[in-house]
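Student: So that you have it, the file is data30.pdb, and it contains PDB, C-alpha atoms and all ligand atoms:
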ATOM      1  CA  MET A  26      21.812  -7.012 -18.483  1.00  0.00           C
ATOM      2  CA  ARG A  27      20.121  -3.659 -18.030  1.00  0.00           C
ATOM      3  CA  ILE A  28      19.278  -3.077 -14.415  1.00  0.00           C
ATOM      4  CA  ILE A  29      17.956  -0.118 -12.458  1.00  0.00           C
ATOM      5  CA  LEU A  30      18.837   0.006  -8.774  1.00  0.00           C
ATOM      6  CA  MET A  31      16.404   2.056  -6.712  1.00  0.00           C
ATOM      7  CA  GLY A  32      15.834   2.885  -3.085  1.00  0.00           C
ATOM      8  CA  PRO A  33      15.706   5.868  -0.739  1.00  0.00           C
ATOM      9  CA  PRO A  34      18.797   7.917   0.121  1.00  0.00           C
ATOM     10  CA  GLY A  35      20.919   5.793   2.451  1.00  0.00           C
ATOM     11  CA  ALA A  36      19.564   2.438   1.246  1.00  0.00           C
ATOM     12  CA  GLY A  37      23.031   1.371   0.151  1.00  0.00           C
ATOM     13  CA  LYS A  38      22.596   1.720  -3.598  1.00  0.00           C
ATOM     14  CA  GLY A  39      26.132   2.925  -4.291  1.00  0.00           C
ATOM     15  CA  THR A  40      27.761  -0.005  -2.479  1.00  0.00           C
ATOM     16  CA  GLN A  41      25.482  -2.611  -4.030  1.00  0.00           C
ATOM     17  CA  ALA A  42      25.698  -1.005  -7.476  1.00  0.00           C
ATOM     18  CA  LYS A  43      29.428  -1.715  -7.676  1.00  0.00           C
ATOM     19  CA  ILE A  44      29.042  -5.312  -6.504  1.00  0.00           C
ATOM     20  CA  ILE A  45      26.130  -6.147  -8.809  1.00  0.00           C
ATOM     21  CA  ALA A  46      27.657  -4.436 -11.843  1.00  0.00           C
ATOM     22  CA  GLY A  47      30.955  -6.214 -11.173  1.00  0.00           C
ATOM     23  CA  ARG A  48      29.249  -9.600 -11.076  1.00  0.00           C
ATOM     24  CA  PHE A  49      27.513  -9.017 -14.416  1.00  0.00           C
ATOM     25  CA  GLY A  50      30.509  -7.322 -16.044  1.00  0.00           C
ATOM     26  CA  ILE A  51      28.597  -4.141 -16.810  1.00  0.00           C
ATOM     27  CA  PRO A  52      29.356  -0.525 -15.846  1.00  0.00           C
ATOM     28  CA  ALA A  53      27.612   0.984 -12.814  1.00  0.00           C
ATOM     29  CA  VAL A  54      26.316   4.380 -13.857  1.00  0.00           C
ATOM     30  CA  SER A  55      25.731   6.434 -10.737  1.00  0.00           C
ATOM     31  CA  THR A  56      24.266   9.872 -11.411  1.00  0.00           C
ATOM     32  CA  GLY A  57      25.230  11.045  -7.904  1.00  0.00           C
ATOM     33  CA  ASP A  58      28.861   9.979  -8.462  1.00  0.00           C
ATOM     34  CA  ILE A  59      29.003  11.652 -11.874  1.00  0.00           C
ATOM     35  CA  PHE A  60      27.594  14.865 -10.406  1.00  0.00           C
ATOM     36  CA  ARG A  61      30.071  14.739  -7.504  1.00  0.00           C
ATOM     37  CA  ALA A  62      33.003  14.174  -9.882  1.00  0.00           C
ATOM     38  CA  ASN A  63      31.895  17.237 -11.866  1.00  0.00           C
ATOM     39  CA  VAL A  64      31.551  19.269  -8.679  1.00  0.00           C
ATOM     40  CA  SER A  65      35.055  18.396  -7.541  1.00  0.00           C
ATOM     41  CA  GLN A  66      36.505  19.203 -10.988  1.00  0.00           C
ATOM     42  CA  GLY A  67      34.596  22.495 -11.064  1.00  0.00           C
ATOM     43  CA  THR A  68      33.019  21.844 -14.483  1.00  0.00           C
ATOM     44  CA  PRO A  69      30.012  23.977 -15.591  1.00  0.00           C
ATOM     45  CA  LEU A  70      27.785  20.917 -15.012  1.00  0.00           C
ATOM     46  CA  GLY A  71      29.223  20.573 -11.514  1.00  0.00           C
ATOM     47  CA  VAL A  72      28.680  24.238 -10.690  1.00  0.00           C
ATOM     48  CA  GLU A  73      25.036  23.974 -11.740  1.00  0.00           C
ATOM     49  CA  ALA A  74      24.409  20.618 -10.026  1.00  0.00           C
ATOM     50  CA  LYS A  75      25.976  21.662  -6.726  1.00  0.00           C
ATOM     51  CA  ARG A  76      23.314  24.281  -6.025  1.00  0.00           C
ATOM     52  CA  TYR A  77      20.612  21.637  -6.108  1.00  0.00           C
ATOM     53  CA  MET A  78      22.570  18.867  -4.437  1.00  0.00           C
ATOM     54  CA  ASP A  79      23.549  20.953  -1.421  1.00  0.00           C
ATOM     55  CA  ALA A  80      19.887  21.824  -0.879  1.00  0.00           C
ATOM     56  CA  GLY A  81      18.859  18.169  -1.218  1.00  0.00           C
ATOM     57  CA  ASP A  82      16.838  18.922  -4.361  1.00  0.00           C
ATOM     58  CA  TYR A  83      16.958  17.039  -7.634  1.00  0.00           C
ATOM     59  CA  VAL A  84      19.061  18.444 -10.435  1.00  0.00           C
ATOM     60  CA  PRO A  85      16.701  19.503 -13.285  1.00  0.00           C
ATOM     61  CA  ASP A  86      15.567  16.648 -15.533  1.00  0.00           C
ATOM     62  CA  GLU A  87      17.015  18.128 -18.745  1.00  0.00           C
ATOM     63  CA  VAL A  88      20.479  18.290 -17.212  1.00  0.00           C
ATOM     64  CA  THR A  89      20.324  14.790 -15.748  1.00  0.00           C
ATOM     65  CA  ASN A  90      18.738  13.217 -18.822  1.00  0.00           C
ATOM     66  CA  ALA A  91      21.366  14.624 -21.174  1.00  0.00           C
ATOM     67  CA  MET A  92      24.137  13.376 -18.907  1.00  0.00           C
ATOM     68  CA  VAL A  93      22.724   9.832 -18.732  1.00  0.00           C
ATOM     69  CA  ARG A  94      22.052   9.671 -22.472  1.00  0.00           C
ATOM     70  CA  ASP A  95      25.645  10.609 -23.094  1.00  0.00           C
ATOM     71  CA  ARG A  96      26.941   8.014 -20.634  1.00  0.00           C
ATOM     72  CA  ILE A  97      24.925   5.017 -21.738  1.00  0.00           C
ATOM     73  CA  CYS A  98      25.823   5.613 -25.403  1.00  0.00           C
ATOM     74  CA  GLN A  99      29.474   4.980 -24.615  1.00  0.00           C
ATOM     75  CA  ASP A 100      31.057   1.757 -25.826  1.00  0.00           C
ATOM     76  CA  ASP A 101      31.343   0.042 -22.456  1.00  0.00           C
ATOM     77  CA  ALA A 102      27.591   0.395 -21.883  1.00  0.00           C
ATOM     78  CA  LYS A 103      26.482  -1.049 -25.213  1.00  0.00           C
ATOM     79  CA  GLY A 104      26.142  -4.571 -23.797  1.00  0.00           C
ATOM     80  CA  GLY A 105      24.357  -3.472 -20.643  1.00  0.00           C
ATOM     81  CA  PHE A 106      24.554  -1.234 -17.614  1.00  0.00           C
ATOM     82  CA  LEU A 107      23.329  -0.757 -14.098  1.00  0.00           C
ATOM     83  CA  LEU A 108      21.716   2.593 -13.327  1.00  0.00           C
ATOM     84  CA  ASP A 109      22.169   3.789  -9.752  1.00  0.00           C
ATOM     85  CA  GLY A 110      20.098   6.859  -8.893  1.00  0.00           C
ATOM     86  CA  TYR A 111      18.339   7.180 -12.237  1.00  0.00           C
ATOM     87  CA  PRO A 112      15.478   7.519 -13.088  1.00  0.00           C
ATOM     88  CA  ARG A 113      14.117   9.473 -10.108  1.00  0.00           C
ATOM     89  CA  THR A 114      11.190  11.311 -11.676  1.00  0.00           C
ATOM     90  CA  VAL A 115       8.309  10.426 -13.980  1.00  0.00           C
ATOM     91  CA  ALA A 116       9.905  12.580 -16.696  1.00  0.00           C
ATOM     92  CA  GLN A 117      13.170  10.652 -16.338  1.00  0.00           C
ATOM     93  CA  VAL A 118      11.314   7.344 -16.761  1.00  0.00           C
ATOM     94  CA  ALA A 119       9.832   8.626 -20.019  1.00  0.00           C
ATOM     95  CA  GLU A 120      13.229   9.811 -21.228  1.00  0.00           C
ATOM     96  CA  LEU A 121      14.887   6.497 -20.336  1.00  0.00           C
ATOM     97  CA  ASP A 122      12.141   4.675 -22.247  1.00  0.00           C
ATOM     98  CA  THR A 123      12.986   6.790 -25.285  1.00  0.00           C
ATOM     99  CA  MET A 124      16.726   6.169 -24.918  1.00  0.00           C
ATOM    100  CA  LEU A 125      16.155   2.422 -24.730  1.00  0.00           C
ATOM    101  CA  ALA A 126      13.711   2.398 -27.639  1.00  0.00           C
ATOM    102  CA  ASP A 127      16.251   4.334 -29.744  1.00  0.00           C
ATOM    103  CA  THR A 128      18.774   1.556 -29.279  1.00  0.00           C
ATOM    104  CA  GLY A 129      16.289  -1.330 -29.364  1.00  0.00           C
ATOM    105  CA  ALA A 130      17.233  -2.328 -25.801  1.00  0.00           C
ATOM    106  CA  ALA A 131      14.985  -3.340 -22.914  1.00  0.00           C
ATOM    107  CA  LEU A 132      15.258  -3.333 -19.132  1.00  0.00           C
ATOM    108  CA  ASP A 133      15.712  -6.681 -17.400  1.00  0.00           C
ATOM    109  CA  ALA A 134      14.915  -5.714 -13.820  1.00  0.00           C
ATOM    110  CA  VAL A 135      14.338  -2.844 -11.412  1.00  0.00           C
ATOM    111  CA  VAL A 136      15.772  -3.757  -8.020  1.00  0.00           C
ATOM    112  CA  VAL A 137      14.578  -1.723  -5.043  1.00  0.00           C
ATOM    113  CA  LEU A 138      16.416  -1.866  -1.726  1.00  0.00           C
ATOM    114  CA  THR A 139      13.959  -1.429   1.126  1.00  0.00           C
ATOM    115  CA  VAL A 140      15.082   0.102   4.427  1.00  0.00           C
ATOM    116  CA  ASN A 141      12.942   1.756   7.118  1.00  0.00           C
ATOM    117  CA  ASP A 142      13.122   5.532   7.718  1.00  0.00           C
ATOM    118  CA  GLU A 143      14.732   5.381  11.141  1.00  0.00           C
ATOM    119  CA  GLU A 144      17.618   3.229   9.929  1.00  0.00           C
ATOM    120  CA  LEU A 145      18.049   5.521   6.909  1.00  0.00           C
ATOM    121  CA  VAL A 146      18.496   8.691   8.974  1.00  0.00           C
ATOM    122  CA  GLN A 147      21.018   6.928  11.227  1.00  0.00           C
ATOM    123  CA  ARG A 148      23.025   5.650   8.270  1.00  0.00           C
ATOM    124  CA  LEU A 149      23.094   9.036   6.541  1.00  0.00           C
ATOM    125  CA  LEU A 150      24.148  10.914   9.645  1.00  0.00           C
ATOM    126  CA  ASN A 151      26.855   8.342  10.179  1.00  0.00           C
ATOM    127  CA  ARG A 152      27.971   8.711   6.548  1.00  0.00           C
ATOM    128  CA  ALA A 153      28.135  12.494   7.037  1.00  0.00           C
ATOM    129  CA  HIS A 154      30.617  11.814   9.788  1.00  0.00           C
ATOM    130  CA  VAL A 155      32.721   9.419   7.757  1.00  0.00           C
ATOM    131  CA  GLU A 156      32.613  10.896   4.226  1.00  0.00           C
ATOM    132  CA  GLY A 157      31.872  14.560   4.932  1.00  0.00           C
ATOM    133  CA  ARG A 158      29.308  14.898   2.143  1.00  0.00           C
ATOM    134  CA  THR A 159      27.816  18.410   2.185  1.00  0.00           C
ATOM    135  CA  ASP A 160      24.300  17.061   1.595  1.00  0.00           C
ATOM    136  CA  ASP A 161      24.308  14.751   4.613  1.00  0.00           C
ATOM    137  CA  THR A 162      23.297  17.232   7.361  1.00  0.00           C
ATOM    138  CA  GLU A 163      20.175  16.204   9.287  1.00  0.00           C
ATOM    139  CA  GLU A 164      17.990  18.913   7.765  1.00  0.00           C
ATOM    140  CA  VAL A 165      19.058  18.161   4.195  1.00  0.00           C
ATOM    141  CA  VAL A 166      18.804  14.400   4.800  1.00  0.00           C
ATOM    142  CA  ARG A 167      15.175  14.772   5.886  1.00  0.00           C
ATOM    143  CA  HIS A 168      14.440  16.971   2.899  1.00  0.00           C
ATOM    144  CA  ARG A 169      15.993  14.384   0.546  1.00  0.00           C
ATOM    145  CA  GLN A 170      13.737  11.738   2.058  1.00  0.00           C
ATOM    146  CA  ASP A 171      10.669  13.915   1.434  1.00  0.00           C
ATOM    147  CA  VAL A 172      11.733  14.533  -2.156  1.00  0.00           C
ATOM    148  CA  TYR A 173      12.271  10.792  -2.639  1.00  0.00           C
ATOM    149  CA  ASN A 174       8.870   9.938  -1.203  1.00  0.00           C
ATOM    150  CA  GLU A 175       7.113  12.530  -3.348  1.00  0.00           C
ATOM    151  CA  GLN A 176       8.927  12.181  -6.652  1.00  0.00           C
ATOM    152  CA  THR A 177      10.643   8.806  -6.799  1.00  0.00           C
ATOM    153  CA  GLU A 178       8.642   6.361  -4.691  1.00  0.00           C
ATOM    154  CA  PRO A 179       5.714   6.547  -7.178  1.00  0.00           C
ATOM    155  CA  LEU A 180       8.017   5.115  -9.869  1.00  0.00           C
ATOM    156  CA  LEU A 181       7.982   1.772  -8.070  1.00  0.00           C
ATOM    157  CA  ALA A 182       4.335   1.269  -9.039  1.00  0.00           C
ATOM    158  CA  VAL A 183       5.162   2.098 -12.658  1.00  0.00           C
ATOM    159  CA  TYR A 184       7.831  -0.590 -12.858  1.00  0.00           C
ATOM    160  CA  ASP A 185       5.759  -3.009 -10.808  1.00  0.00           C
ATOM    161  CA  GLU A 186       3.000  -2.751 -13.397  1.00  0.00           C
ATOM    162  CA  ARG A 187       5.527  -3.600 -16.069  1.00  0.00           C
ATOM    163  CA  GLY A 188       6.464  -6.735 -14.131  1.00  0.00           C
ATOM    164  CA  LEU A 189      10.046  -5.561 -13.620  1.00  0.00           C
ATOM    165  CA  LEU A 190      10.125  -4.702  -9.914  1.00  0.00           C
ATOM    166  CA  VAL A 191      12.168  -6.853  -7.544  1.00  0.00           C
ATOM    167  CA  ARG A 192      12.062  -5.848  -3.859  1.00  0.00           C
ATOM    168  CA  VAL A 193      15.064  -6.713  -1.722  1.00  0.00           C
ATOM    169  CA  ASP A 194      15.448  -6.220   2.031  1.00  0.00           C
ATOM    170  CA  GLY A 195      18.299  -3.722   2.420  1.00  0.00           C
ATOM    171  CA  ILE A 196      18.919  -4.354   6.128  1.00  0.00           C
ATOM    172  CA  GLY A 197      21.907  -6.539   6.951  1.00  0.00           C
ATOM    173  CA  THR A 198      25.565  -6.740   6.039  1.00  0.00           C
ATOM    174  CA  VAL A 199      26.744  -5.728   2.575  1.00  0.00           C
ATOM    175  CA  ASP A 200      27.255  -9.411   1.681  1.00  0.00           C
ATOM    176  CA  GLU A 201      23.851 -10.448   2.964  1.00  0.00           C
ATOM    177  CA  VAL A 202      22.141  -7.785   0.894  1.00  0.00           C
ATOM    178  CA  SER A 203      24.044  -8.573  -2.303  1.00  0.00           C
ATOM    179  CA  ALA A 204      23.337 -12.293  -1.852  1.00  0.00           C
ATOM    180  CA  ARG A 205      19.630 -11.434  -1.642  1.00  0.00           C
ATOM    181  CA  VAL A 206      19.864  -9.348  -4.796  1.00  0.00           C
ATOM    182  CA  PHE A 207      21.492 -12.173  -6.774  1.00  0.00           C
ATOM    183  CA  GLU A 208      18.984 -14.664  -5.490  1.00  0.00           C
ATOM    184  CA  ALA A 209      16.109 -12.382  -6.408  1.00  0.00           C
ATOM    185  CA  LEU A 210      17.475 -11.765  -9.897  1.00  0.00           C
ATOM    186  CA  HIS A 211      17.941 -15.458 -10.583  1.00  0.00           C
ATOM    187  CA  ALA A 212      14.429 -16.063  -9.369  1.00  0.00           C
ATOM    188  CA  SER A 213      12.941 -13.373 -11.583  1.00  0.00           C
ATOM    189  CA  PRO A 214      11.279 -14.301 -14.875  1.00  0.00           C
ATOM    190  CA  ASP A 215      14.230 -12.853 -16.786  1.00  0.00           C
ATOM    191  CA  SER A 216      16.734 -15.145 -15.126  1.00  0.00           C
ATOM    192  CA  ALA A 217      17.411 -16.924 -18.409  1.00  0.00           C
ATOM    193  CA  ALA A 218      19.181 -13.764 -19.556  1.00  0.00           C
ATOM    194  CA  ILE A 219      21.594 -13.784 -16.635  1.00  0.00           C
TER     195      ILE A 219
HETATM  196  P1  LIG B 301      21.420   9.640  -2.379  1.00  0.00           P
HETATM  197  O1  LIG B 301      20.838   8.443  -3.057  1.00  0.00           O
HETATM  198  O2  LIG B 301      22.022   9.302  -1.063  1.00  0.00           O
HETATM  199  O3  LIG B 301      20.483  10.812  -2.335  1.00  0.00           O
HETATM  200  P2  LIG B 301      23.102  10.199  -4.677  1.00  0.00           P
HETATM  201  O4  LIG B 301      24.577  10.197  -4.640  1.00  0.00           O
HETATM  202  O5  LIG B 301      22.445   9.162  -5.500  1.00  0.00           O
HETATM  203  O6  LIG B 301      22.659  10.157  -3.175  1.00  0.00           O
HETATM  204  O7  LIG B 301      22.601  11.632  -5.206  1.00  0.00           O
HETATM  205  C1  LIG B 301      23.052  12.832  -4.623  1.00  0.00           C
HETATM  206  C2  LIG B 301      22.326  14.032  -5.264  1.00  0.00           C
HETATM  207  O8  LIG B 301      22.604  14.073  -6.677  1.00  0.00           O
HETATM  208  C3  LIG B 301      20.802  14.014  -5.180  1.00  0.00           C
HETATM  209  O9  LIG B 301      20.319  14.482  -3.941  1.00  0.00           O
HETATM  210  C4  LIG B 301      20.445  14.943  -6.353  1.00  0.00           C
HETATM  211  O10 LIG B 301      20.641  16.314  -6.023  1.00  0.00           O
HETATM  212  C5  LIG B 301      21.470  14.569  -7.405  1.00  0.00           C
HETATM  213  N1  LIG B 301      20.947  13.497  -8.274  1.00  0.00           N
HETATM  214  C6  LIG B 301      21.418  12.228  -8.371  1.00  0.00           C
HETATM  215  N2  LIG B 301      20.701  11.525  -9.274  1.00  0.00           N
HETATM  216  C7  LIG B 301      19.744  12.375  -9.752  1.00  0.00           C
HETATM  217  C8  LIG B 301      18.673  12.245 -10.697  1.00  0.00           C
HETATM  218  N3  LIG B 301      18.435  11.097 -11.344  1.00  0.00           N
HETATM  219  N4  LIG B 301      17.896  13.325 -10.932  1.00  0.00           N
HETATM  220  C9  LIG B 301      18.125  14.478 -10.319  1.00  0.00           C
HETATM  221  N5  LIG B 301      19.090  14.677  -9.411  1.00  0.00           N
HETATM  222  C10 LIG B 301      19.901  13.634  -9.125  1.00  0.00           C
END
What does the file become when written as structure tokens?
Tutor:
Amino acid sequence: MRIILMGPPGAGKGTQAKIIAGRFGIPAVSTGDIFRANVSQGTPLGVEAKRYMDAGDYVPDEVTNAMVRDRICQDDAKGGFLLDGYPRTVAQVAELDTMLADTGAALDAVVVLTVNDEELVQRLLNRAHVEGRTDDTEEVVRHRQDVYNEQTEPLLAVYDERGLLVRVDGIGTVDEVSARVFEALHASPDSAAI
């Protein structure tokens, strides 16, 4: 299984990524988590990424692409993976296509969690309270939404054209949402692979 999980900041990707990846026995590769781990360890990658993350901007494509290429080449990802937070730009889609072509692998599905803007801002401000992430202030949250709408939302049409897009309502309890994801994946044309 090779799955991309997409959705705006606050849609619940991180939570669902772990559940979905666990069910399919594949690693969840979360670019945000990898960046945050590097930030907290003070690595050169973390120092560079932090400047962009704190402003709510995307880390440059070359940096992100190299990191993902490195991660999905590792042994545990050879049989499949779930990407959480990647690709987010047109250039990242092209790079992922190249990575997959290099290994003769193909994507099975692109799951997008849909949540309305008002709910998203509430969730992110609440998360700021609970987790203390430095990019969850109201101003940065709104900027991240703008960046998502401008740079990442257009990718949905790209994957829709390829027949890979699966839209899932992201409002509800964690269990309700994951149940919808599994149902949608079984109902997709690639369900034979699951
Ligand atoms: P959210 O989905 O809530 O924005 P993430 O944890 O996925 O949170 O990402 C946090 C930050 O990490 C992003 O705002 C961005 O700065 C950086 N980041 C994560 N994934 C990417 C990516 N694919 N390309 C560029 N930057 C990324």
Student: How far is it from atom CA of Asn63 of chain A to atom CA of Glu178 of chain A, in Å with one decimal?
Tutor: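 Computing it gives 26.7 Å between the two atoms.
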Student: Exactly which residues make up the result of the PyMOL selection byres (((not hetatm)) within 8 of (chain B and resi 301)) on this file, given as a PyMOL selection string?
Tutor: chain A and resi 32-36+38-39+55-58+60-61+74-75+77-86+89-90+109-114+117+149+160+169
Student: Quick one: which residues end up in the PyMOL selection byres (((chain A and resi 136) around 8) and not hetatm) for this structure, as a CSV table (one decimal) with C-alpha atoms, in the coordinates of the input?
Tutor:
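Output saved as result-v6.csv:
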chain,number,residue,atom,x,y,z
A,28,ILE,CA,19.3,-3.1,-14.4
A,29,ILE,CA,18.0,-0.1,-12.5
A,30,LEU,CA,18.8,0.0,-8.8
A,31,MET,CA,16.4,2.1,-6.7
A,134,ALA,CA,14.9,-5.7,-13.8
A,135,VAL,CA,14.3,-2.8,-11.4
A,137,VAL,CA,14.6,-1.7,-5.0
A,138,LEU,CA,16.4,-1.9,-1.7
A,190,LEU,CA,10.1,-4.7,-9.9
A,191,VAL,CA,12.2,-6.9,-7.5
A,192,ARG,CA,12.1,-5.8,-3.9
A,193,VAL,CA,15.1,-6.7,-1.7
A,206,VAL,CA,19.9,-9.3,-4.8
Student: Name the residues, using the chain letters and numbers of the file, that sit within 12 Å of (23.3, 6.1, -28.8) when counting all atoms listed in the file, and give them as a list in words.
Tutor: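 With a cut-off of 12 Å, the residues come to Ala91, Val93, Arg94, Asp95, Arg96, Ile97, Cys98, Gln99, Asp100, Asp101, Ala102, Lys103, Leu121, Thr123, Met124, Leu125, Ala126, Asp127, Thr128, Gly129 and Ala130 of chain A.
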Student: Within 10 Å of Arg167 of chain A, counting only C-alpha atoms, which residues qualify if same-chain residues fewer than 5 places away don't, as a ChimeraX atom specification?
Tutor: /A:34,81,142,145-146,149,161-162,172-173
Student: What is the atom CA of Arg152 of chain A to atom CA of Leu181 of chain A distance in Å?
Tutor: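 Atom CA of Arg152 of chain A sits 25.7 Å away from atom CA of Leu181 of chain A.
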Student: If the PyMOL selection byres (((chain A and resi 106) around 8) and not hetatm) were run on this exact file, what residues would it hold? Put them as a list in words.
Tutor: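 Written out, the selection comes to Met26, Arg27, Ile28, Ala46, Ile51, Pro52, Ala53, Val54, Ile97, Ala102, Lys103, Gly104, Gly105, Leu107 and Leu108 of chain A.
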Student: For atom CA of Leu180 of chain A and atom CA of Gln147 of chain A, determine how far apart the two atoms are, in Å to one decimal place.
Tutor: 24.8 Å
Student: Under the rule that all atoms listed in the file are counted, which of A:His168, A:Ile44, A:Val155, A:Tyr184 is the nearest residue to Val118 of chain A?
Tutor: A:Tyr184
Student: Write out as a list of chain:residue names which residues come within 9 Å of Ile196 of chain A when counting only C-alpha atoms, dropping same-chain ones fewer than 5 positions away.
Tutor: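 Those residues are A:Ala36, A:Leu138, A:Thr139, A:Val140, A:Asn141, A:Glu144, A:Glu201, A:Val202.
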